[in-house]
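**Student:** I'm passing along work-v6.csv; it holds CSV, C-alpha atoms.
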chain,number,residue,atom,x,y,z
A,680,MET,CA,-71.2,-65.1,-35.1
A,681,ARG,CA,-67.4,-64.7,-35.4
A,682,ARG,CA,-67.8,-62.0,-38.0
A,683,LYS,CA,-70.3,-60.1,-35.8
A,684,GLY,CA,-67.9,-60.3,-32.8
A,685,GLY,CA,-65.0,-59.0,-34.9
A,686,THR,CA,-67.1,-56.2,-36.3
A,687,ALA,CA,-68.2,-55.2,-32.8
A,688,VAL,CA,-64.5,-55.0,-31.6
A,689,LEU,CA,-63.5,-52.9,-34.6
A,690,ALA,CA,-66.4,-50.6,-33.9
A,691,ALA,CA,-65.4,-50.2,-30.3
A,692,VAL,CA,-61.8,-49.3,-31.2
A,693,GLY,CA,-63.0,-46.8,-33.8
A,694,LEU,CA,-65.2,-45.1,-31.2
A,695,LEU,CA,-62.3,-44.8,-28.8
A,696,LEU,CA,-60.1,-43.3,-31.4
A,697,LEU,CA,-62.9,-40.8,-32.3
A,698,ALA,CA,-63.3,-39.9,-28.7
A,699,GLY,CA,-59.6,-39.2,-28.3
A,700,CYS,CA,-59.4,-37.0,-31.4
A,701,GLY,CA,-62.4,-35.0,-30.2
A,702,ALA,CA,-60.8,-34.4,-26.8
A,703,SER,CA,-57.6,-33.2,-28.3
A,704,GLY,CA,-59.4,-31.0,-30.8
A,705,GLY,CA,-61.4,-29.4,-27.9
A,706,ASP,CA,-58.1,-28.7,-26.0
A,707,ARG,CA,-56.7,-26.9,-29.1
A,708,ALA,CA,-59.8,-24.9,-29.5
A,709,THR,CA,-59.7,-24.0,-25.8
A,710,GLY,CA,-56.1,-22.9,-26.1
A,711,ALA,CA,-56.8,-20.8,-29.1
A,712,GLY,CA,-59.7,-19.2,-27.3
A,713,ASP,CA,-57.5,-18.4,-24.3
A,714,SER,CA,-54.9,-16.8,-26.4
A,715,ARG,CA,-57.4,-14.7,-28.1
A,716,GLY,CA,-58.9,-13.8,-24.7
A,717,ASN,CA,-55.5,-12.8,-23.4
A,718,SER,CA,-54.8,-10.7,-26.5
A,719,ALA,CA,-58.1,-9.0,-26.0
A,720,GLN,CA,-57.3,-8.4,-22.4
A,721,GLN,CA,-53.9,-6.8,-23.1
A,722,PRO,CA,-55.3,-3.8,-25.0
A,723,GLU,CA,-57.9,-3.3,-22.2
A,724,SER,CA,-55.1,-3.3,-19.6
A,725,ALA,CA,-53.0,-0.9,-21.7
A,726,ALA,CA,-56.0,1.4,-22.1
A,727,ALA,CA,-56.6,1.2,-18.3
A,728,ASP,CA,-53.0,2.2,-17.7
A,729,SER,CA,-53.2,5.1,-20.2
A,730,GLY,CA,-56.4,6.1,-18.6
A,731,GLY,CA,-54.8,6.0,-15.2
A,732,LYS,CA,-52.0,8.3,-16.4
A,733,ALA,CA,-54.4,10.7,-18.0
A,734,ALA,CA,-56.6,10.7,-14.9
A,735,GLY,CA,-53.8,11.1,-12.4
A,736,GLY,CA,-51.7,13.4,-14.6
A,737,GLN,CA,-48.5,11.5,-13.6
A,738,ALA,CA,-47.1,8.0,-14.2
A,739,GLN,CA,-47.0,5.5,-11.4
A,740,PRO,CA,-43.7,5.6,-9.5
A,741,LYS,CA,-41.3,2.8,-10.2
A,742,ALA,CA,-39.9,0.5,-7.5
A,743,PRO,CA,-36.9,2.1,-5.7
A,744,VAL,CA,-33.5,0.8,-6.8
A,745,ALA,CA,-31.2,-0.6,-4.1
A,746,ASP,CA,-28.4,1.8,-3.2
A,747,GLN,CA,-24.9,0.8,-4.3
A,748,PRO,CA,-22.5,0.0,-1.5
A,749,THR,CA,-20.3,3.0,-0.6
A,750,VAL,CA,-16.5,2.6,-0.3
A,751,THR,CA,-14.7,4.4,2.5
A,752,ARG,CA,-11.8,6.3,1.1
A,753,ALA,CA,-8.4,5.8,2.7
A,754,ILE,CA,-6.5,9.1,2.6
A,755,ILE,CA,-3.0,9.8,4.0
A,756,ARG,CA,-2.6,13.5,4.9
A,757,THR,CA,0.7,15.3,5.6
A,758,GLY,CA,1.6,18.9,6.0
A,759,SER,CA,4.2,21.4,7.2
A,760,LEU,CA,3.6,24.7,8.9
A,761,THR,CA,6.0,27.6,9.7
A,762,VAL,CA,4.9,30.1,12.3
A,763,GLU,CA,6.7,33.2,13.6
A,764,ALA,CA,6.2,33.7,17.3
A,765,ASP,CA,7.2,36.3,19.8
A,766,ASP,CA,8.1,33.7,22.4
A,767,VAL,CA,9.1,30.4,20.8
A,768,ASN,CA,9.2,28.4,24.1
A,769,LYS,CA,5.7,29.6,25.1
A,770,SER,CA,4.3,28.9,21.6
A,771,ARG,CA,5.9,25.5,21.8
A,772,GLN,CA,4.0,24.7,25.0
A,773,GLU,CA,0.8,26.0,23.5
A,774,ALA,CA,1.2,23.9,20.4
A,775,ILE,CA,1.6,20.8,22.5
A,776,THR,CA,-1.5,21.7,24.4
A,777,VAL,CA,-3.5,22.1,21.1
A,778,ILE,CA,-2.3,18.8,19.8
A,779,THR,CA,-3.0,17.0,23.1
A,780,GLY,CA,-6.5,18.4,23.2
A,781,LEU,CA,-7.2,16.9,19.7
A,782,LYS,CA,-6.0,13.5,21.0
A,783,GLY,CA,-2.7,13.8,19.1
A,784,GLN,CA,0.9,13.4,20.2
A,785,VAL,CA,4.4,14.8,19.6
A,786,ALA,CA,6.4,12.2,17.6
A,787,SER,CA,9.7,14.1,17.7
A,788,GLU,CA,11.1,17.5,18.7
A,789,ASN,CA,14.2,19.5,17.9
A,790,THR,CA,15.0,23.0,19.4
A,791,GLY,CA,17.7,25.5,18.8
A,792,ASP,CA,19.0,28.3,21.2
A,793,ASP,CA,20.3,31.7,20.4
A,794,ALA,CA,23.5,33.4,21.9
A,795,ASN,CA,21.6,34.1,25.1
A,796,GLY,CA,20.5,30.6,25.6
A,797,ASN,CA,16.9,31.2,24.8
A,798,ILE,CA,15.0,28.9,22.5
A,799,SER,CA,14.9,30.7,19.2
A,800,ARG,CA,13.7,27.8,17.0
A,801,ALA,CA,11.6,24.7,17.5
A,802,ASN,CA,10.7,21.9,15.1
A,803,LEU,CA,8.0,19.5,16.1
A,804,VAL,CA,6.7,16.5,14.2
A,805,LEU,CA,3.1,16.0,15.3
A,806,LYS,CA,0.7,13.1,14.9
A,807,VAL,CA,-3.0,14.0,14.9
A,808,PRO,CA,-6.1,12.1,13.9
A,809,SER,CA,-7.0,12.7,10.3
A,810,THR,CA,-10.5,13.9,11.3
A,811,SER,CA,-8.9,16.7,13.4
A,812,TYR,CA,-6.3,17.7,10.9
A,813,ASP,CA,-8.0,20.9,9.8
A,814,ALA,CA,-8.7,21.9,13.4
A,815,ALA,CA,-5.0,21.4,14.2
A,816,ILE,CA,-4.0,23.6,11.3
A,817,ASP,CA,-6.3,26.3,12.5
A,818,GLY,CA,-5.2,26.1,16.1
A,819,LEU,CA,-1.5,26.1,15.3
A,820,SER,CA,-1.8,29.0,12.9
A,821,LYS,CA,-3.1,31.2,15.8
A,822,LEU,CA,0.2,30.8,17.7
A,823,GLY,CA,1.8,33.7,15.7
A,824,LYS,CA,2.3,34.9,12.2
A,825,ARG,CA,1.9,32.1,9.7
A,826,LEU,CA,4.9,32.3,7.2
A,827,GLN,CA,4.3,29.2,5.1
A,828,ILE,CA,2.1,26.2,4.8
A,829,HIS,CA,2.3,23.0,2.7
A,830,GLN,CA,-0.3,20.2,2.6
A,831,GLU,CA,-0.5,16.9,0.7
A,832,SER,CA,-2.9,14.0,0.5
A,833,SER,CA,-2.6,10.6,-1.0
A,834,ASP,CA,-5.4,8.2,-1.8
A,835,VAL,CA,-4.4,4.7,-0.9
A,836,THR,CA,-7.9,3.1,-1.1
A,837,GLU,CA,-6.8,0.6,-3.8
A,838,GLN,CA,-3.8,-0.5,-1.7
A,839,VAL,CA,-6.0,-1.0,1.4
A,840,VAL,CA,-8.6,-3.0,-0.6
A,841,ASP,CA,-5.9,-5.1,-2.3
A,842,VAL,CA,-4.1,-5.9,1.0
A,843,ASP,CA,-7.4,-6.9,2.7
A,844,SER,CA,-8.3,-9.2,-0.2
A,845,ARG,CA,-4.9,-10.8,-0.1
A,846,ILE,CA,-5.1,-11.4,3.6
A,847,ARG,CA,-8.4,-13.2,3.2
A,848,THR,CA,-7.0,-15.3,0.4
A,849,GLN,CA,-3.9,-16.1,2.4
A,850,ARG,CA,-5.9,-17.2,5.5
A,851,ALA,CA,-8.1,-19.5,3.4
A,852,SER,CA,-4.9,-21.0,1.9
A,853,LEU,CA,-3.5,-21.6,5.4
A,854,ASP,CA,-6.7,-23.4,6.4
A,855,ARG,CA,-6.3,-25.7,3.4
A,856,MET,CA,-2.7,-26.4,4.2
A,857,ARG,CA,-3.5,-27.2,7.8
A,858,ALA,CA,-6.1,-29.7,6.5
A,859,LEU,CA,-3.6,-31.3,4.2
A,860,LEU,CA,-1.1,-31.5,7.1
A,861,ALA,CA,-3.7,-33.4,9.2
A,862,LYS,CA,-4.1,-35.9,6.4
A,863,ALA,CA,-0.4,-36.4,5.7
A,864,ASN,CA,0.8,-39.9,6.4
A,865,THR,CA,4.5,-40.1,5.5
A,866,ILE,CA,7.4,-38.1,6.8
A,867,GLY,CA,8.1,-36.6,3.4
A,868,GLU,CA,4.5,-35.4,3.0
A,869,ILE,CA,4.6,-33.8,6.5
A,870,VAL,CA,7.9,-32.0,5.8
A,871,SER,CA,6.7,-30.7,2.5
A,872,VAL,CA,3.4,-29.4,3.8
A,873,GLU,CA,5.0,-27.9,6.9
A,874,SER,CA,7.6,-26.1,4.7
A,875,GLU,CA,4.8,-24.6,2.5
A,876,LEU,CA,2.8,-23.8,5.6
A,877,THR,CA,5.7,-21.9,7.2
A,878,ARG,CA,6.2,-19.9,4.0
A,879,ARG,CA,2.6,-18.9,3.7
A,880,GLU,CA,2.4,-17.9,7.4
A,881,ALA,CA,5.4,-15.6,6.8
A,882,ASP,CA,3.6,-14.0,3.8
A,883,LEU,CA,0.5,-13.5,5.9
A,884,GLU,CA,2.5,-11.8,8.7
A,885,SER,CA,4.1,-9.5,6.1
A,886,LEU,CA,0.6,-8.6,4.7
A,887,LEU,CA,-0.7,-7.9,8.3
A,888,ALA,CA,2.2,-5.6,9.0
A,889,LYS,CA,1.5,-3.7,5.8
A,890,GLN,CA,-2.2,-3.5,6.7
A,891,LYS,CA,-1.3,-2.1,10.1
A,892,ASN,CA,1.1,0.5,8.6
A,893,LEU,CA,-1.6,1.7,6.2
A,894,ALA,CA,-4.1,1.9,9.0
A,895,LEU,CA,-1.7,4.0,11.1
A,896,GLN,CA,-0.9,6.3,8.2
A,897,THR,CA,-4.6,6.9,7.3
A,898,GLU,CA,-5.8,7.3,10.9
A,899,LEU,CA,-3.1,9.7,12.0
A,900,ALA,CA,-2.0,12.6,9.9
A,901,THR,CA,1.6,13.9,10.1
A,902,LEU,CA,2.2,17.7,10.6
A,903,ASN,CA,5.6,19.2,10.8
A,904,LEU,CA,5.5,22.5,12.8
A,905,THR,CA,8.4,25.0,12.7
A,906,LEU,CA,8.4,27.8,15.3
A,907,THR,CA,10.8,30.7,14.7
A,908,SER,CA,11.4,34.0,16.4
A,909,LYS,CA,11.3,37.3,14.7
A,910,ASP,CA,15.1,37.7,14.7
A,911,THR,CA,15.6,34.2,13.1
A,912,PRO,CA,14.7,34.1,9.4
A,913,PRO,CA,13.3,30.9,8.1
A,914,PRO,CA,15.6,28.6,6.2
A,915,SER,CA,15.7,29.2,2.5
A,916,THR,CA,14.4,26.3,0.4
A,917,ASP,CA,16.0,27.6,-2.9
A,918,PRO,CA,19.0,25.6,-4.0
A,919,ASP,CA,22.3,27.3,-4.5
A,920,ASN,CA,23.1,28.2,-8.2
A,921,GLY,CA,25.8,29.9,-10.1
A,922,PHE,CA,29.6,29.7,-10.5
A,923,VAL,CA,30.4,29.7,-6.8
A,924,SER,CA,28.0,26.8,-6.2
A,925,GLY,CA,29.5,24.8,-9.1
A,926,LEU,CA,33.1,25.5,-7.8
A,927,LYS,CA,32.1,24.4,-4.3
A,928,SER,CA,30.6,21.2,-5.7
A,929,GLY,CA,33.6,20.5,-7.8
A,930,TRP,CA,36.0,21.0,-4.9
A,931,ASP,CA,33.9,18.7,-2.7
A,932,ALA,CA,34.0,16.0,-5.4
A,933,PHE,CA,37.8,16.4,-5.8
A,934,THR,CA,38.4,16.1,-2.1
A,935,ALA,CA,36.1,13.1,-1.8
A,936,THR,CA,37.9,11.3,-4.7
A,937,PHE,CA,41.3,12.1,-3.2
A,938,SER,CA,40.3,10.8,0.2
A,939,ALA,CA,39.0,7.6,-1.4
A,940,LEU,CA,42.2,7.0,-3.3
A,941,ALA,CA,44.3,7.7,-0.2
A,942,THR,CA,42.2,5.3,1.8
A,943,ALA,CA,42.7,2.6,-0.9
A,944,VAL,CA,46.5,3.1,-1.0
A,945,GLY,CA,46.7,3.0,2.8
A,946,ALA,CA,44.7,-0.3,2.8
A,947,VAL,CA,46.9,-1.9,0.1
A,948,LEU,CA,50.3,-0.7,1.3
A,949,PRO,CA,50.9,-3.2,4.2
A,950,PHE,CA,50.1,-6.1,1.9
A,951,ALA,CA,52.5,-4.7,-0.7
A,952,ILE,CA,55.4,-4.5,1.8
A,953,LEU,CA,54.7,-8.1,2.9
A,954,LEU,CA,54.8,-9.3,-0.6
A,955,ALA,CA,58.1,-7.5,-1.3
A,956,VAL,CA,59.7,-9.0,1.8
A,957,LEU,CA,58.7,-12.5,0.6
A,958,ALA,CA,59.5,-12.0,-3.1
A,959,VAL,CA,63.1,-10.6,-2.8
A,960,PRO,CA,64.6,-13.8,-1.1
A,961,ALA,CA,62.6,-16.0,-3.5
A,962,LEU,CA,64.0,-14.3,-6.5
A,963,TRP,CA,67.6,-14.4,-5.2
A,964,LEU,CA,67.2,-18.1,-4.5
A,965,ARG,CA,65.8,-18.8,-7.9
A,966,ARG,CA,68.7,-17.0,-9.6
A,967,ARG,CA,71.3,-18.9,-7.6
A,968,LEU,CA,69.7,-22.2,-8.5
A,969,ARG,CA,69.7,-21.3,-12.2
A,970,ARG,CA,73.4,-20.3,-12.1
A,971,PRO,CA,75.4,-23.1,-14.0
A,972,THR,CA,78.0,-25.0,-11.9
A,973,PRO,CA,81.6,-24.9,-13.2
A,974,THR,CA,82.8,-28.2,-14.6
A,975,SER,CA,86.3,-29.5,-13.7
A,976,PRO,CA,88.8,-30.0,-16.6
Take the structure I supplied and represent it as structure tokens, if you would.

**Tutor:**
Amino acid sequence: MRRKGGTAVLAAVGLLLLAGCGASGGDRATGAGDSRGNSAQQPESAAADSGGKAAGGQAQPKAPVADQPTVTRAIIRTGSLTVEADDVNKSRQEAITVITGLKGQVASENTGDDANGNISRANLVLKVPSTSYDAAIDGLSKLGKRLQIHQESSDVTEQVVDVDSRIRTQRASLDRMRALLAKANTIGEIVSVESELTRREADLESLLAKQKNLALQTELATLNLTLTSKDTPPPSTDPDNGFVSGLKSGWDAFTATFSALATAVGAVLPFAILLAVLAVPALWLRRRLRRPTPTSP
């Protein structure tokens, strides 16, 4: 009976092992069949795609790619304009009207009169929005005969982006320093954190001032307008050259050097007189003390 019981147990274990192996083999077979099915389906889908292209004549459109973020360029625009006008004073008033109509302003003004007291020359430094710069040039050129024009533009986009990034970083740093200050326990820690906090706040104020200056330069263009009458020729921009110019420059340098030496001598002379007054009695007394005293026989 014991042998029969042991044999039955061994047979049951063997059946369980065989059932497990059969199940695993079925899974592998199923997986192989799926892979073959997928490989068979891929050519069908490829054929369907090629058939779709052939039937439609064109390939299916791809999904649209997201647009890249655009960067607003920061441009500083400056220029100078010289206009010959019949009546300088009248043209000056008209220029101010043109700039005011474009929401600009007169930053500075300098005028010159002729022998009769009439305004014969006017120099105006104008500030106008950069978007209205071209309109300002066109409007001011109509005041008379345009003699010369000069325009410049500078791209400061990198500077603006750099300053903005540094400001964000500095503000985050200040927030961390304030958090450290709230956690400080000793007087030494408080003094150290407050000192660093003050320094970083000063750096942030400097960056904010630079940011404001860049914003003003990019938002407002600078235009230097010169109005002249017909009898007043425009100033020559060519430098003086030749022997006369060299002689004049040499004489100016000589007189400047002589004036500097005379100034130095005049500054030292009072001290020299005072030293002489003090040194002469001192030398006389020194010689008298060194004179040998006569010895009695």

**Student:** In terms of the shortest atom-to-atom distance over only C-alpha atoms, which of A:Lys909, A:Ser759, A:Ala753, A:Thr897 is closest to A:Gln827?

**Tutor:**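 Smallest distance to A:Gln827 is found for A:Ser759.
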
**Student:** Compile the contact shell of A:Leu760 as a list of chain:residue names: residues with an atom at most 8 Å away, counting only C-alpha atoms, same-chain residues fewer than 5 positions apart removed.

**Tutor:**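 These residues fall inside the cut-off: A:Ser820, A:Arg825, A:Leu826, A:Gln827, A:Ile828, A:His829, A:Leu902, A:Asn903, A:Leu904, A:Thr905.
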
**Student:** Point out the residue among A:Leu853, A:Ala955, A:Ile866, A:Leu906 with the least atom-to-atom distance to A:Glu773, counting only C-alpha atoms.

**Tutor:**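 Of A:Leu853, A:Ala955, A:Ile866, A:Leu906, the one nearest A:Glu773 is A:Leu906, counting only C-alpha atoms.
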
**Student:** Which residue is closest to A:Arg771? Choose from A:Arg847, A:Ala894, A:Ser908, A:Val839 and count only C-alpha atoms.

**Tutor:**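 Using only C-alpha atoms, A:Arg771 sits closest to A:Ser908.
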
**Student:** Provide the atom CA of A:Ser874 to atom CA of A:Arg855 distance in Å, to one decimal place.

**Tutor:**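 A separation of 14.0 Å between them.
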
**Student:** Could you tell me how far atom CA of A:Arg969 sits from atom CA of A:Ala951, in Å to one decimal place?

**Tutor:**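 Separating atom CA of A:Ala951 from atom CA of A:Arg969 is a distance of 26.5 Å.
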
**Student:** Interatomic distance between atom CA of A:Asp766 and atom CA of A:Thr810?

**Tutor:**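 Result for atom CA of A:Asp766 versus atom CA of A:Thr810: 29.3 Å, one decimal.
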
**Student:** Which residues come within 12 Å of A:Glu873, counting all atoms listed in the file, excluding same-chain residues fewer than 6 positions away, as an MDAnalysis selection string?

**Tutor:** chainID A and resid 853 856:861 863 866:867 879:880

**Student:** Residues near stretch 788-796 of chain A, anyone? I mean within 12 Å using all atoms listed in the file, not counting same-chain ones fewer than 2 positions away, as an MDAnalysis selection string.

**Tutor:** chainID A and resid 767:768 771:772 774:775 784:786 798:806 903:908 910:911

**Student:** Would you mind completing stretch 862-879 of chain A to N, CA, C and O atoms and writing the output as a short mmCIF file (atom, residue, chain, number, x, y, z; two decimals), in the frame of the given file?

**Tutor:**
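Output file result.cif is given in full below:
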data_model
loop_
_atom_site.label_atom_id
_atom_site.label_comp_id
_atom_site.auth_asym_id
_atom_site.auth_seq_id
_atom_site.Cartn_x
_atom_site.Cartn_y
_atom_site.Cartn_z
N LYS A 862 -3.94 -34.67 7.14
CA LYS A 862 -4.10 -35.90 6.40
C LYS A 862 -2.81 -36.52 5.92
O LYS A 862 -2.81 -37.60 5.32
N ALA A 863 -1.68 -35.84 6.16
CA ALA A 863 -0.40 -36.40 5.70
C ALA A 863 -0.05 -37.64 6.50
O ALA A 863 -0.27 -37.72 7.72
N ASN A 864 0.52 -38.63 5.79
CA ASN A 864 0.80 -39.90 6.40
C ASN A 864 2.33 -40.17 6.51
O ASN A 864 2.82 -40.63 7.54
N THR A 865 3.07 -39.85 5.47
CA THR A 865 4.50 -40.10 5.50
C THR A 865 5.28 -38.89 5.98
O THR A 865 4.76 -37.77 6.01
N ILE A 866 6.55 -39.14 6.34
CA ILE A 866 7.40 -38.10 6.80
C ILE A 866 7.67 -37.05 5.71
O ILE A 866 7.70 -35.84 5.94
N GLY A 867 7.85 -37.55 4.50
CA GLY A 867 8.10 -36.60 3.40
C GLY A 867 6.92 -35.70 3.15
O GLY A 867 7.12 -34.51 2.89
N GLU A 868 5.71 -36.22 3.23
CA GLU A 868 4.50 -35.40 3.00
C GLU A 868 4.43 -34.34 4.16
O GLU A 868 4.11 -33.17 3.92
N ILE A 869 4.71 -34.76 5.39
CA ILE A 869 4.60 -33.80 6.50
C ILE A 869 5.65 -32.71 6.38
O ILE A 869 5.33 -31.53 6.58
N VAL A 870 6.89 -33.06 6.00
CA VAL A 870 7.90 -32.00 5.80
C VAL A 870 7.58 -31.07 4.73
O VAL A 870 7.74 -29.85 4.86
N SER A 871 7.08 -31.59 3.62
CA SER A 871 6.70 -30.70 2.50
C SER A 871 5.60 -29.78 2.84
O SER A 871 5.67 -28.58 2.56
N VAL A 872 4.57 -30.28 3.49
CA VAL A 872 3.40 -29.40 3.80
C VAL A 872 3.81 -28.41 4.90
O VAL A 872 3.40 -27.24 4.83
N GLU A 873 4.62 -28.82 5.88
CA GLU A 873 5.00 -27.90 6.90
C GLU A 873 5.90 -26.75 6.34
O GLU A 873 5.80 -25.60 6.76
N SER A 874 6.76 -27.08 5.37
CA SER A 874 7.60 -26.10 4.70
C SER A 874 6.72 -25.04 4.00
O SER A 874 6.92 -23.82 4.13
N GLU A 875 5.74 -25.53 3.24
CA GLU A 875 4.80 -24.60 2.50
C GLU A 875 3.98 -23.82 3.51
O GLU A 875 3.69 -22.64 3.30
N LEU A 876 3.58 -24.45 4.60
CA LEU A 876 2.80 -23.80 5.60
C LEU A 876 3.55 -22.64 6.26
O LEU A 876 3.02 -21.54 6.48
N THR A 877 4.83 -22.89 6.56
CA THR A 877 5.70 -21.90 7.20
C THR A 877 5.85 -20.67 6.23
O THR A 877 5.81 -19.50 6.65
N ARG A 878 6.06 -20.95 4.95
CA ARG A 878 6.20 -19.90 4.00
C ARG A 878 4.98 -19.01 3.87
O ARG A 878 5.05 -17.78 3.83
N ARG A 879 3.84 -19.64 3.84
CA ARG A 879 2.60 -18.90 3.70
C ARG A 879 2.26 -18.11 4.98
O ARG A 879 1.67 -17.04 4.92
#
